[in-house]
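Right, one structure below, let's go through it.
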Amino acid sequence: MAHAAHADHADHEHHGPPKGFIQRWVMTTNHKDIGTLYMVFAGLMFFIGGAMALVIRAELFQPGLQFVDPQFFNSMTTAHALMMVFGAVMPAWVGVANWMIPLQIGAPDMALPRMNNFSFWILPFAFLLLISTLFVPGGSPAGGWTLYPPLTLQGGDALPMAIFAVHMMGISSIMGAINVIVTLMNMRAPGVTLLRMPLFCWTWLITAYLLILVMPVLAGAVTMLLTDHFFGTTFFSAAGGGDPVLYQHIFWFFGHPEVYILILPAFGVVSEIIPTFSRKPLFGYESMVYATASIGFLSFIVWAHHMFTVGMPLAGQLFFMLTTMMIAVPTGVKVFNWSATMWKGSISFEPPMLFAICFLFLFTIGGFSGLMLAITPADFQYHDTYFVVAHFHYVLVPGAIFAIMAGVYYWLPKWTGHMYNMTLAKWHFWMSTIFVNVLFFPQHFLGLAGMPRRIPDYSTQFAEWNMVSSIGAFGFGVSQLMFPIAIWQCVKGGARAADKVWEGAHGLEWELPSPAPYHTWESPPSMAQIEHGAPAH
Amino acid sequence: MLRKSAFLGAVTAALAVLAAPAHAAWSGLNMPVGVTTLSGEIHGLHMLILWVCVAIAIVVFGWMIYSLVKFRKSQGAVPDTQMLHSTKAEIIWTIIPVAILVAMAVPAASTLIKIEDDRGAQVTIKVTGYQWKWQYEYLDEGFSYFSTLARDSDAARQLDSGVDPKVVPNYLLNVDNALVVPVGRKVRLLLTSQDVIHAWWVPDLAVKKDAIPGVMNQLWFEIQPDKVGVYRGQCAELCGRDHGFMPIVVEAKSAEDYAAWVASKKPAPAAAPAAEAAAPAAAAVTTTPAANAG
């Protein structure tokens, strides 16, 4: 049936992608091409940001300063975070959304294709600007990715460049988010009701609302930094009646929802993959939707848990402790639902499932340390130590990034029409999983034992675990080279992928041929396809 | 096969590292219990939540691992595709976490309230952060001094200094002039900064608070009477190039020794540096008077 639907297309005016690099890639308004561009860009940023992380871990391999000046070290921690958050994870999710949302809801494209093109093509310029700060007088921003004043205001020529880069990233994200919301609200094929959408669409819908609500807040915060530095305002300077802590409140009002922007689409992808390879519908679909929405709401009222040490009133500390602990409830619901999906399933362990299972365990560990961090009196000890570094890397690396890899290995055959090298993908998985733990687990110990984060050198009592962590970092870094190799091989060739690549898969994307033709769902899916594709719930 | 060889590789690598540093004290795995009236309680809270998380992990991970082993397709598992949701299960796994959280929140809130009760301080010291040193002002006694990274650490920490940090005593955790406080007294610190935000943290005292320009923060601690000694910490808020090089050393003295030390530091003309020699040489900390007195 899917083939028949496809055969019609060839007769129409659309004959596939335009010839010529500029027409195909620069001027494209095709959601699949734009999705590919986003993901290639994200991969590039992942490796640049990863190289920066390796500079950090090389310097921390043993005590003493061996390789870099402390100022450059601070530039590396700052740039690594900005590249990974805004350059790697967010664009990767937008890329997957571009590819999959239209396929999953039976839409021919994203709702606003030209804006889609624009929102992508801002990004290379934003990051070119950011990376070029490494070469300006004074060096690139070294005040941490949170850009706290007054420290960040000590930056040189890099400051306005970094701020403008952040503005551009924000504009890109807002446009991407508008596109996702409009597409999901208006372009669903008849019969694809909201509560029939796959969870990836649901989590992205909520993510997109978070983006629209908080990116302007970040833009406002950095604009105030700009005017404080160049135009004599004193928003964040007590000398002029301002307050440095005000910046932190504004920043984290953006920053906390931001971490859910990174992780909610991961929840969506995992909610697709676990049912597929358990050969069983997702357990508690509706409670998953409600849990996601609750997490989205709670993310707006917990921000000050990032700043318990600034000296807040007791009532404020209690409020933010309790709201933060509450997040454990909907997150727990999700973990329990995934576990219940595997219960009484028929489980197989293809690469996407391996990454998803690893996500389940290691993201939960990151959740536990998050719960510990919520306990304010204990947080006074954990705050700004390697315990925090371990926590957020557990939720972001084996959390968000493993989910991206799971998603890529899940949908890659649909995108390319070929199966990838399963052995290589499994090697990639096992090496990543082992080394990510060697890399980040010891950082819990370092933090508890008293090692602050963002220091280029440390007391000798921390030497052993730092060495282990650095070995893990290099192992992890080298392992990641398998990922582009596996993808490239799959693009070039390989066994033909079936339309429904995975035996247990459900969803409209599997009703289409593999590779997905350049234009899909030009006529909406039939009710039979929707019934067939939609998981029962 | 694949799994086994990869695992063995990692184990070998880990063992090699474990075996390498002969002097290694793999002790620093956990938060110190600390030496103040509240640090033990904070440590207890940390251990409580840790064990709660471990218990939950055993149940949840146990459930997942059981499923992953029991319901393998390769073992002929047949999926139960009718299992869609269960209101009862969903209520249970909402209520139980809420109950656990409430049980956690009560002791946490109680400790937090104690931490914030700063009444009745007996000694007040103003702490000012600078890039990259600390200034301690004994407000009641009328003297102050700066505290910077010890010279041997500073020499060793230069890029390619050629000095092995392992031979430097208390590398990066030693200063020229320590903060001296009495044991058994409620000591209040007033924290501020002259440039950027710093944070004053000593793990054994279980206190950390930001020193913010234009803001006066405060914290307090009371070291247990039998805990005379030297406690070390670091700046915990990124404050620029030498953020990693502005340690904090607290020397806790008995009431008599503290009084003698204060007398020696007071700008009164009779103050004799000789009093210094009488003080117990607790550690490698040297408190050179006069020279750095601000």
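Labels used: A, B, ... for chains in the order of the structure tokens, numbers from 1 for residues in each chain, and numbers from 1 for ligands as shown.
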If DSSP is run on the backbone, what residues of range 9-212 of chain B are alpha helix (DSSP H)? A reply as a ChimeraX atom specification would be ideal. /B:9-19,39-70,87-116,151-156
Neighbours of chain B in chain A at 6 Å, counting only C-alpha atoms, as a PyMOL selection string: chain A and resi 64-66+70-71+150-151+238+280+283-284+309-310+339+343-348+368+377-378+380+384+445+448-449+452+455+459
Polymer residues at most 8 Å from Pro515 in chain A, only C-alpha atoms, same-chain spacing of 6 or more positions, as a PyMOL selection string: chain A and resi 413-418+497+499
